[in-house]
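Undergrad: This is structure-v1.txt, which holds compact mmCIF, N, CA and C atoms:
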```
# COMPACT_ATOMS: atom_id res chain seq x y z
N MET A 294 89.35 60.26 -11.73
CA MET A 294 88.46 61.40 -11.79
C MET A 294 88.24 61.92 -10.37
N SER A 295 88.51 63.18 -10.16
CA SER A 295 88.27 63.79 -8.86
C SER A 295 86.84 64.29 -8.77
N LEU A 296 86.53 64.95 -7.70
CA LEU A 296 85.18 65.46 -7.48
C LEU A 296 85.06 66.89 -7.97
N SER A 297 83.96 67.17 -8.66
CA SER A 297 83.61 68.56 -8.98
C SER A 297 82.19 68.77 -8.48
N ILE A 298 81.91 70.00 -8.08
CA ILE A 298 80.61 70.32 -7.52
C ILE A 298 80.06 71.54 -8.24
N ARG A 299 78.88 71.37 -8.79
CA ARG A 299 78.17 72.49 -9.41
C ARG A 299 77.08 72.95 -8.45
N SER A 300 77.02 74.23 -8.22
CA SER A 300 76.10 74.78 -7.24
C SER A 300 75.07 75.66 -7.91
N ARG A 301 73.81 75.49 -7.48
CA ARG A 301 72.73 76.36 -7.93
C ARG A 301 71.95 76.77 -6.69
N GLN A 302 71.69 78.06 -6.56
CA GLN A 302 70.94 78.54 -5.41
C GLN A 302 69.80 79.43 -5.86
N VAL A 303 68.64 79.16 -5.31
CA VAL A 303 67.47 80.00 -5.52
C VAL A 303 66.91 80.28 -4.13
N SER A 304 66.91 81.54 -3.78
CA SER A 304 66.43 81.93 -2.46
C SER A 304 67.25 81.20 -1.41
N ASP A 305 66.61 80.42 -0.56
CA ASP A 305 67.32 79.74 0.52
C ASP A 305 67.46 78.23 0.27
N VAL A 306 67.36 77.83 -1.00
CA VAL A 306 67.53 76.43 -1.38
C VAL A 306 68.75 76.31 -2.28
N VAL A 307 69.66 75.41 -1.91
CA VAL A 307 70.88 75.21 -2.68
C VAL A 307 70.95 73.77 -3.15
N VAL A 308 71.23 73.58 -4.44
CA VAL A 308 71.45 72.26 -5.01
C VAL A 308 72.93 72.15 -5.35
N LEU A 309 73.58 71.14 -4.78
CA LEU A 309 74.99 70.87 -5.07
C LEU A 309 75.06 69.55 -5.83
N GLN A 310 75.42 69.64 -7.09
CA GLN A 310 75.53 68.43 -7.92
C GLN A 310 76.97 67.94 -7.86
N CYS A 311 77.15 66.76 -7.29
CA CYS A 311 78.48 66.17 -7.11
C CYS A 311 78.78 65.23 -8.28
N VAL A 312 79.89 65.49 -8.95
CA VAL A 312 80.28 64.69 -10.11
C VAL A 312 81.67 64.13 -9.84
N GLY A 313 81.77 62.79 -9.86
CA GLY A 313 83.07 62.17 -9.67
C GLY A 313 83.10 61.27 -8.45
N ARG A 314 84.26 61.30 -7.76
CA ARG A 314 84.51 60.38 -6.65
C ARG A 314 84.50 61.13 -5.32
N ILE A 315 83.73 60.62 -4.37
CA ILE A 315 83.69 61.20 -3.03
C ILE A 315 84.56 60.30 -2.15
N VAL A 316 85.85 60.61 -2.17
CA VAL A 316 86.85 59.76 -1.50
C VAL A 316 87.80 60.63 -0.69
N ARG A 317 88.55 59.96 0.19
CA ARG A 317 89.51 60.66 1.06
C ARG A 317 90.39 61.61 0.25
N GLY A 318 90.72 62.73 0.88
CA GLY A 318 91.61 63.68 0.26
C GLY A 318 90.90 64.97 -0.08
N GLU A 319 91.34 65.57 -1.15
CA GLU A 319 90.86 66.89 -1.58
C GLU A 319 89.35 66.92 -1.83
N SER A 320 88.79 65.82 -2.34
CA SER A 320 87.35 65.83 -2.66
C SER A 320 86.50 66.02 -1.40
N LEU A 321 86.95 65.47 -0.28
CA LEU A 321 86.18 65.62 0.96
C LEU A 321 86.23 67.06 1.47
N ARG A 322 87.40 67.69 1.36
CA ARG A 322 87.51 69.09 1.75
C ARG A 322 86.63 69.95 0.87
N LEU A 323 86.62 69.66 -0.42
CA LEU A 323 85.80 70.41 -1.37
C LEU A 323 84.31 70.28 -1.02
N LEU A 324 83.86 69.07 -0.72
CA LEU A 324 82.45 68.84 -0.36
C LEU A 324 82.11 69.54 0.95
N ARG A 325 82.97 69.38 1.95
CA ARG A 325 82.73 70.04 3.25
C ARG A 325 82.62 71.54 3.08
N ASP A 326 83.57 72.13 2.36
CA ASP A 326 83.58 73.59 2.17
C ASP A 326 82.37 74.06 1.35
N ALA A 327 81.96 73.25 0.38
CA ALA A 327 80.81 73.63 -0.45
C ALA A 327 79.55 73.76 0.39
N VAL A 328 79.41 72.90 1.40
CA VAL A 328 78.22 72.95 2.25
C VAL A 328 78.38 73.96 3.38
N THR A 329 79.49 73.90 4.09
CA THR A 329 79.63 74.73 5.29
C THR A 329 79.86 76.20 4.99
N SER A 330 80.22 76.54 3.78
CA SER A 330 80.44 77.95 3.43
C SER A 330 79.17 78.64 2.93
N LEU A 331 78.08 77.90 2.80
CA LEU A 331 76.82 78.50 2.33
C LEU A 331 76.28 79.48 3.37
N THR A 332 75.67 80.55 2.88
CA THR A 332 75.14 81.55 3.79
C THR A 332 73.63 81.41 3.92
N GLN A 333 73.21 80.97 5.07
CA GLN A 333 71.81 80.87 5.48
C GLN A 333 70.90 80.10 4.54
N PRO A 334 71.29 78.89 4.12
CA PRO A 334 70.33 78.10 3.34
C PRO A 334 69.31 77.46 4.26
N ARG A 335 68.12 77.24 3.77
CA ARG A 335 67.09 76.50 4.50
C ARG A 335 67.20 75.02 4.15
N VAL A 336 67.49 74.75 2.87
CA VAL A 336 67.59 73.39 2.37
C VAL A 336 68.86 73.27 1.53
N VAL A 337 69.62 72.19 1.76
CA VAL A 337 70.76 71.85 0.92
C VAL A 337 70.46 70.48 0.32
N VAL A 338 70.47 70.43 -1.01
CA VAL A 338 70.22 69.19 -1.74
C VAL A 338 71.54 68.72 -2.34
N LEU A 339 71.98 67.54 -1.93
CA LEU A 339 73.18 66.93 -2.52
C LEU A 339 72.73 65.97 -3.60
N ASP A 340 72.95 66.34 -4.84
CA ASP A 340 72.60 65.49 -5.98
C ASP A 340 73.78 64.56 -6.25
N LEU A 341 73.61 63.28 -5.94
CA LEU A 341 74.69 62.30 -6.10
C LEU A 341 74.47 61.39 -7.31
N SER A 342 73.65 61.83 -8.25
CA SER A 342 73.36 61.00 -9.43
C SER A 342 74.60 60.77 -10.28
N ASP A 343 75.57 61.67 -10.22
CA ASP A 343 76.80 61.52 -11.01
C ASP A 343 78.00 61.19 -10.14
N ALA A 344 77.76 60.74 -8.91
CA ALA A 344 78.85 60.31 -8.03
C ALA A 344 79.25 58.90 -8.45
N LYS A 345 80.48 58.72 -8.82
CA LYS A 345 80.94 57.43 -9.36
C LYS A 345 81.38 56.46 -8.28
N MET A 346 81.79 57.01 -7.11
CA MET A 346 82.34 56.16 -6.06
C MET A 346 82.28 56.91 -4.74
N ILE A 347 82.15 56.17 -3.65
CA ILE A 347 82.25 56.75 -2.32
C ILE A 347 83.00 55.75 -1.44
N ASP A 348 83.95 56.26 -0.63
CA ASP A 348 84.68 55.38 0.27
C ASP A 348 84.31 55.70 1.71
N GLY A 349 85.01 55.10 2.65
CA GLY A 349 84.71 55.32 4.06
C GLY A 349 84.83 56.78 4.46
N GLY A 350 85.81 57.46 3.89
CA GLY A 350 85.95 58.89 4.18
C GLY A 350 84.76 59.68 3.67
N GLY A 351 84.26 59.31 2.50
CA GLY A 351 83.09 59.97 1.94
C GLY A 351 81.85 59.72 2.78
N LEU A 352 81.70 58.50 3.28
CA LEU A 352 80.58 58.18 4.16
C LEU A 352 80.67 59.00 5.44
N GLY A 353 81.89 59.09 5.98
CA GLY A 353 82.09 59.89 7.18
C GLY A 353 81.75 61.35 6.94
N MET A 354 82.08 61.86 5.75
CA MET A 354 81.78 63.25 5.44
C MET A 354 80.27 63.46 5.34
N LEU A 355 79.55 62.52 4.76
CA LEU A 355 78.09 62.64 4.70
C LEU A 355 77.49 62.68 6.10
N VAL A 356 78.02 61.86 7.00
CA VAL A 356 77.54 61.87 8.39
C VAL A 356 77.88 63.21 9.04
N PHE A 357 79.10 63.69 8.83
CA PHE A 357 79.50 64.99 9.38
C PHE A 357 78.55 66.09 8.87
N LEU A 358 78.29 66.11 7.56
CA LEU A 358 77.42 67.14 6.99
C LEU A 358 75.99 67.01 7.52
N HIS A 359 75.54 65.80 7.74
CA HIS A 359 74.22 65.57 8.33
C HIS A 359 74.16 66.21 9.72
N CYS A 360 75.14 65.91 10.55
CA CYS A 360 75.18 66.47 11.92
C CYS A 360 75.36 67.98 11.89
N TRP A 361 76.22 68.47 11.02
CA TRP A 361 76.46 69.91 10.91
C TRP A 361 75.17 70.62 10.50
N SER A 362 74.45 70.06 9.54
CA SER A 362 73.23 70.71 9.08
C SER A 362 72.17 70.72 10.19
N LEU A 363 72.06 69.64 10.95
CA LEU A 363 71.12 69.61 12.08
C LEU A 363 71.46 70.71 13.09
N ASP A 364 72.74 70.84 13.39
CA ASP A 364 73.20 71.86 14.34
C ASP A 364 72.90 73.28 13.87
N HIS A 365 72.80 73.46 12.56
CA HIS A 365 72.60 74.80 11.98
C HIS A 365 71.17 75.01 11.48
N GLY A 366 70.26 74.09 11.78
CA GLY A 366 68.87 74.25 11.38
C GLY A 366 68.64 74.18 9.88
N ILE A 367 69.44 73.38 9.22
CA ILE A 367 69.37 73.24 7.75
C ILE A 367 68.88 71.83 7.42
N GLN A 368 68.01 71.73 6.44
CA GLN A 368 67.56 70.42 5.96
C GLN A 368 68.53 69.95 4.89
N LEU A 369 69.21 68.84 5.13
CA LEU A 369 70.13 68.25 4.16
C LEU A 369 69.45 67.04 3.55
N THR A 370 69.36 67.01 2.22
CA THR A 370 68.73 65.91 1.51
C THR A 370 69.69 65.40 0.45
N VAL A 371 69.85 64.09 0.41
CA VAL A 371 70.64 63.43 -0.64
C VAL A 371 69.65 62.93 -1.68
N VAL A 372 69.85 63.31 -2.95
CA VAL A 372 68.94 62.87 -4.00
C VAL A 372 69.66 62.04 -5.05
N ASN A 373 68.92 61.07 -5.54
CA ASN A 373 69.34 60.21 -6.66
C ASN A 373 70.77 59.71 -6.58
N PRO A 374 71.15 59.07 -5.47
CA PRO A 374 72.51 58.53 -5.46
C PRO A 374 72.65 57.49 -6.57
N SER A 375 73.81 57.45 -7.19
CA SER A 375 74.06 56.45 -8.23
C SER A 375 73.89 55.07 -7.63
N ALA A 376 73.74 54.07 -8.46
CA ALA A 376 73.49 52.70 -7.99
C ALA A 376 74.59 52.24 -7.04
N LEU A 377 75.84 52.51 -7.37
CA LEU A 377 76.95 52.08 -6.53
C LEU A 377 76.92 52.80 -5.18
N VAL A 378 76.69 54.10 -5.19
CA VAL A 378 76.65 54.87 -3.95
C VAL A 378 75.47 54.43 -3.10
N LEU A 379 74.32 54.21 -3.72
CA LEU A 379 73.14 53.76 -2.97
C LEU A 379 73.40 52.40 -2.33
N GLU A 380 74.05 51.52 -3.05
CA GLU A 380 74.37 50.20 -2.50
C GLU A 380 75.24 50.32 -1.25
N VAL A 381 76.24 51.20 -1.30
CA VAL A 381 77.12 51.41 -0.14
C VAL A 381 76.33 52.02 1.02
N LEU A 382 75.46 52.99 0.73
CA LEU A 382 74.65 53.61 1.77
C LEU A 382 73.72 52.58 2.42
N GLU A 383 73.17 51.68 1.62
CA GLU A 383 72.29 50.64 2.16
C GLU A 383 73.06 49.62 2.98
N GLN A 384 74.24 49.20 2.49
CA GLN A 384 75.04 48.21 3.21
C GLN A 384 75.52 48.73 4.56
N THR A 385 75.80 50.01 4.64
CA THR A 385 76.26 50.62 5.90
C THR A 385 75.09 51.12 6.75
N GLU A 386 73.88 50.95 6.25
CA GLU A 386 72.65 51.38 6.91
C GLU A 386 72.57 52.90 7.13
N LEU A 387 73.31 53.64 6.35
CA LEU A 387 73.21 55.11 6.42
C LEU A 387 71.90 55.61 5.83
N THR A 388 71.19 54.74 5.12
CA THR A 388 69.87 55.13 4.62
C THR A 388 68.91 55.36 5.77
N ARG A 389 69.24 54.84 6.95
CA ARG A 389 68.41 55.07 8.15
C ARG A 389 68.72 56.41 8.80
N VAL A 390 69.87 56.98 8.49
CA VAL A 390 70.31 58.23 9.11
C VAL A 390 70.09 59.42 8.19
N LEU A 391 70.53 59.28 6.95
CA LEU A 391 70.45 60.37 5.99
C LEU A 391 69.07 60.44 5.36
N HIS A 392 68.65 61.63 4.99
CA HIS A 392 67.40 61.79 4.24
C HIS A 392 67.75 61.59 2.77
N ILE A 393 67.35 60.47 2.20
CA ILE A 393 67.67 60.13 0.81
C ILE A 393 66.37 60.07 0.03
N SER A 394 66.34 60.76 -1.10
CA SER A 394 65.10 60.81 -1.87
C SER A 394 65.39 60.85 -3.36
N SER A 395 64.32 60.79 -4.12
CA SER A 395 64.42 60.91 -5.57
C SER A 395 64.32 62.37 -5.97
N VAL A 396 64.52 62.65 -7.23
CA VAL A 396 64.37 64.02 -7.73
C VAL A 396 62.93 64.50 -7.52
N ASP A 397 61.95 63.61 -7.72
CA ASP A 397 60.55 64.00 -7.51
C ASP A 397 60.31 64.44 -6.07
N ASP A 398 60.85 63.69 -5.12
CA ASP A 398 60.70 64.08 -3.72
C ASP A 398 61.36 65.43 -3.45
N ALA A 399 62.54 65.62 -4.01
CA ALA A 399 63.24 66.89 -3.83
C ALA A 399 62.45 68.03 -4.46
N MET A 400 61.83 67.77 -5.61
CA MET A 400 61.02 68.81 -6.25
C MET A 400 59.85 69.20 -5.36
N ASP A 401 59.28 68.24 -4.64
CA ASP A 401 58.20 68.56 -3.71
C ASP A 401 58.68 69.54 -2.65
N VAL A 402 59.90 69.33 -2.14
CA VAL A 402 60.48 70.26 -1.16
C VAL A 402 60.65 71.63 -1.79
N LEU A 403 61.22 71.64 -3.00
CA LEU A 403 61.48 72.91 -3.67
C LEU A 403 60.18 73.63 -4.02
N CYS A 404 59.15 72.86 -4.35
CA CYS A 404 57.89 73.46 -4.78
C CYS A 404 57.16 74.16 -3.65
N LYS A 405 57.52 73.90 -2.44
CA LYS A 405 56.89 74.57 -1.31
C LYS A 405 57.07 76.08 -1.40
N ASN A 406 58.12 76.51 -2.11
CA ASN A 406 58.36 77.94 -2.28
C ASN A 406 57.51 78.54 -3.39
N ARG A 407 56.88 77.69 -4.25
CA ARG A 407 56.03 78.14 -5.36
C ARG A 407 56.73 79.17 -6.26
N ARG A 408 57.93 78.87 -6.63
CA ARG A 408 58.69 79.72 -7.55
C ARG A 408 59.23 78.84 -8.66
N THR A 409 59.85 79.44 -9.63
CA THR A 409 60.50 78.69 -10.69
C THR A 409 61.94 78.44 -10.29
N PHE A 410 62.36 77.17 -10.37
CA PHE A 410 63.69 76.78 -9.96
C PHE A 410 64.48 76.24 -11.15
N GLU A 411 65.77 76.44 -11.10
CA GLU A 411 66.65 75.86 -12.09
C GLU A 411 67.07 74.49 -11.57
N TRP A 412 66.92 73.47 -12.39
CA TRP A 412 67.26 72.12 -11.97
C TRP A 412 68.02 71.42 -13.08
N ARG A 413 69.24 71.08 -12.83
CA ARG A 413 70.10 70.36 -13.77
C ARG A 413 70.11 71.03 -15.14
N GLY A 414 70.27 72.35 -15.15
CA GLY A 414 70.45 73.07 -16.39
C GLY A 414 69.19 73.54 -17.06
N GLY A 415 68.03 73.17 -16.58
CA GLY A 415 66.77 73.59 -17.21
C GLY A 415 65.92 74.34 -16.22
N ILE A 416 64.92 74.98 -16.70
CA ILE A 416 64.01 75.70 -15.82
C ILE A 416 62.81 74.79 -15.55
N VAL A 417 62.46 74.68 -14.29
CA VAL A 417 61.37 73.82 -13.88
C VAL A 417 60.31 74.69 -13.22
N ASP A 418 59.09 74.55 -13.68
CA ASP A 418 57.97 75.25 -13.07
C ASP A 418 57.41 74.33 -11.99
N PRO A 419 57.52 74.70 -10.70
CA PRO A 419 57.07 73.81 -9.63
C PRO A 419 55.63 73.38 -9.77
N SER A 420 54.76 74.17 -10.36
CA SER A 420 53.36 73.79 -10.47
C SER A 420 53.18 72.56 -11.35
N LEU A 421 54.15 72.26 -12.20
CA LEU A 421 54.05 71.10 -13.06
C LEU A 421 54.45 69.81 -12.35
N HIS A 422 55.04 69.95 -11.16
CA HIS A 422 55.56 68.78 -10.46
C HIS A 422 54.79 68.46 -9.20
N ARG A 423 53.60 68.96 -9.07
CA ARG A 423 52.80 68.68 -7.89
C ARG A 423 52.16 67.31 -8.06
N ARG A 424 52.10 66.56 -6.99
CA ARG A 424 51.48 65.25 -7.02
C ARG A 424 50.33 65.26 -6.04
N GLY A 425 49.16 64.99 -6.53
CA GLY A 425 47.98 64.88 -5.67
C GLY A 425 47.50 66.22 -5.19
N PRO A 426 46.38 66.24 -4.45
CA PRO A 426 45.83 67.50 -3.94
C PRO A 426 46.68 68.05 -2.83
N THR A 427 46.64 69.38 -2.68
CA THR A 427 47.42 70.01 -1.62
C THR A 427 46.53 70.48 -0.51
```
What would the structure in this file look like if it were written as C-alpha cells?
TA:
Amino acid sequence: MSLSIRSRQVSDVVVLQCVGRIVRGESLRLLRDAVTSLTQPRVVVLDLSDAKMIDGGGLGMLVFLHCWSLDHGIQLTVVNPSALVLEVLEQTELTRVLHISSVDDAMDVLCKNRRTFEWRGGIVDPSLHRRGPT
C-alpha cells in the first residue's frame, strides 16, 4: 500500500490526512510536495492516524518538514500517529522535536479561529470542543 494524502483547508489551516506507508520513494515526494506547495498556511496538521508504517526516510521527511515549516513561519502539528508510528517516533526521540498531539489538542488550535471546520469528513462546530474557561 502506497501513501495517499487527503487535504482539507479552511482559511489558513490545512489538514493533511496521510493514509498508507510513509517510506522511501514516491510517498516521500508526495508528502513533501503536499506540504511545501501550500499557499500561505498558518497551521499544517499532519493526521497520521491511518499511517501504517514509517521508515528512516519517512522520519527524515518529518524532520525536513519541521525545519521547513519553522523557516516559513508555519506551525506544523502531527496528530494521532498510529501506534506503530508513535512507537517509532518515541524510540527515535522525535517526540522531543516534533509537535505531536491528539485530535482534541488539534481542535483547540483550530478553534482559535472560531469558525466551523471540516474534520475527517464531518462538520465540527469549534464551540463544542472547548475545554475549560477561556
Undergrad: Please provide the set of residues having any atom within 8 Å of Thr370 (chain A), restricted to only N, CA and C atoms, with same-chain residues fewer than 3 positions apart removed, written as a VMD selection string.
TA: chain A and resid 336 to 341 359 367 373 391 to 394 399
Undergrad: Would you output that residue set with N, CA and C atoms, as an mmCIF file, in the frame of the given file?
TA:
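Writing done, so here's part.cif:
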```cif
data_model
loop_
_atom_site.group_PDB
_atom_site.id
_atom_site.type_symbol
_atom_site.label_atom_id
_atom_site.label_comp_id
_atom_site.auth_asym_id
_atom_site.auth_seq_id
_atom_site.Cartn_x
_atom_site.Cartn_y
_atom_site.Cartn_z
ATOM 1 N N VAL A 336 67.490 74.750 2.870
ATOM 2 C CA VAL A 336 67.590 73.390 2.370
ATOM 3 C C VAL A 336 68.860 73.270 1.530
ATOM 4 N N VAL A 337 69.620 72.190 1.760
ATOM 5 C CA VAL A 337 70.760 71.850 0.920
ATOM 6 C C VAL A 337 70.460 70.480 0.320
ATOM 7 N N VAL A 338 70.470 70.430 -1.010
ATOM 8 C CA VAL A 338 70.220 69.190 -1.740
ATOM 9 C C VAL A 338 71.540 68.720 -2.340
ATOM 10 N N LEU A 339 71.980 67.540 -1.930
ATOM 11 C CA LEU A 339 73.180 66.930 -2.520
ATOM 12 C C LEU A 339 72.730 65.970 -3.600
ATOM 13 N N ASP A 340 72.950 66.340 -4.840
ATOM 14 C CA ASP A 340 72.600 65.490 -5.980
ATOM 15 C C ASP A 340 73.780 64.560 -6.250
ATOM 16 N N LEU A 341 73.610 63.280 -5.940
ATOM 17 C CA LEU A 341 74.690 62.300 -6.100
ATOM 18 C C LEU A 341 74.470 61.390 -7.310
ATOM 19 N N HIS A 359 75.540 65.800 7.740
ATOM 20 C CA HIS A 359 74.220 65.570 8.330
ATOM 21 C C HIS A 359 74.160 66.210 9.720
ATOM 22 N N ILE A 367 69.440 73.380 9.220
ATOM 23 C CA ILE A 367 69.370 73.240 7.750
ATOM 24 C C ILE A 367 68.880 71.830 7.420
ATOM 25 N N ASN A 373 68.920 61.070 -5.540
ATOM 26 C CA ASN A 373 69.340 60.210 -6.660
ATOM 27 C C ASN A 373 70.770 59.710 -6.580
ATOM 28 N N LEU A 391 70.530 59.280 6.950
ATOM 29 C CA LEU A 391 70.450 60.370 5.990
ATOM 30 C C LEU A 391 69.070 60.440 5.360
ATOM 31 N N HIS A 392 68.650 61.630 4.990
ATOM 32 C CA HIS A 392 67.400 61.790 4.240
ATOM 33 C C HIS A 392 67.750 61.590 2.770
ATOM 34 N N ILE A 393 67.350 60.470 2.200
ATOM 35 C CA ILE A 393 67.670 60.130 0.810
ATOM 36 C C ILE A 393 66.370 60.070 0.030
ATOM 37 N N SER A 394 66.340 60.760 -1.100
ATOM 38 C CA SER A 394 65.100 60.810 -1.870
ATOM 39 C C SER A 394 65.390 60.850 -3.360
ATOM 40 N N ALA A 399 62.540 65.620 -4.010
ATOM 41 C CA ALA A 399 63.240 66.890 -3.830
ATOM 42 C C ALA A 399 62.450 68.030 -4.460
#
```
Undergrad: Record the distance separating atom C of Leu379 (chain A) and atom N of Asp305 (chain A), expressed in Å with one decimal.
TA: 28.9 Å
Undergrad: Contacts of Ile347 (chain A) at 6 Å or less, counting all atoms listed in the file, minus same-chain residues fewer than 5 places along, as a ChimeraX atom specification?
TA: /A:314-316,352,378
Undergrad: My list of candidates is A:Gly349, A:Val372, A:Gly318, A:Gly366. Which is closest to Thr385 (chain A) when distances are computed with only C-alpha atoms?
TA: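 Ranked by minimum distance to Thr385 (chain A), first place goes to A:Gly349.
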Undergrad: From the options A:Met354, A:Met346, A:Leu363, A:Leu309, which residue's atoms come nearest to Ala327 (chain A), counting all atoms listed in the file?
TA: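 Counting all atoms listed in the file, the residue closest to Ala327 (chain A) is A:Leu309.
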Undergrad: Just the residues within 6 Å of Val312 (chain A), please, counting only N, CA and C atoms, with nothing from its chain fewer than 4 positions along; format it as a compact mmCIF listing (two decimals) with N, CA and C atoms, keeping the file's coordinate frame.
TA:
```
# COMPACT_ATOMS: atom_id res chain seq x y z
N SER A 295 88.51 63.18 -10.16
CA SER A 295 88.27 63.79 -8.86
C SER A 295 86.84 64.29 -8.77
N LEU A 296 86.53 64.95 -7.70
CA LEU A 296 85.18 65.46 -7.48
C LEU A 296 85.06 66.89 -7.97
N SER A 297 83.96 67.17 -8.66
CA SER A 297 83.61 68.56 -8.98
C SER A 297 82.19 68.77 -8.48
N ILE A 298 81.91 70.00 -8.08
CA ILE A 298 80.61 70.32 -7.52
C ILE A 298 80.06 71.54 -8.24
N ARG A 299 78.88 71.37 -8.79
CA ARG A 299 78.17 72.49 -9.41
C ARG A 299 77.08 72.95 -8.45
N ASP A 343 75.57 61.67 -10.22
CA ASP A 343 76.80 61.52 -11.01
C ASP A 343 78.00 61.19 -10.14
N ALA A 344 77.76 60.74 -8.91
CA ALA A 344 78.85 60.31 -8.03
C ALA A 344 79.25 58.90 -8.45
N LYS A 345 80.48 58.72 -8.82
CA LYS A 345 80.94 57.43 -9.36
C LYS A 345 81.38 56.46 -8.28
```
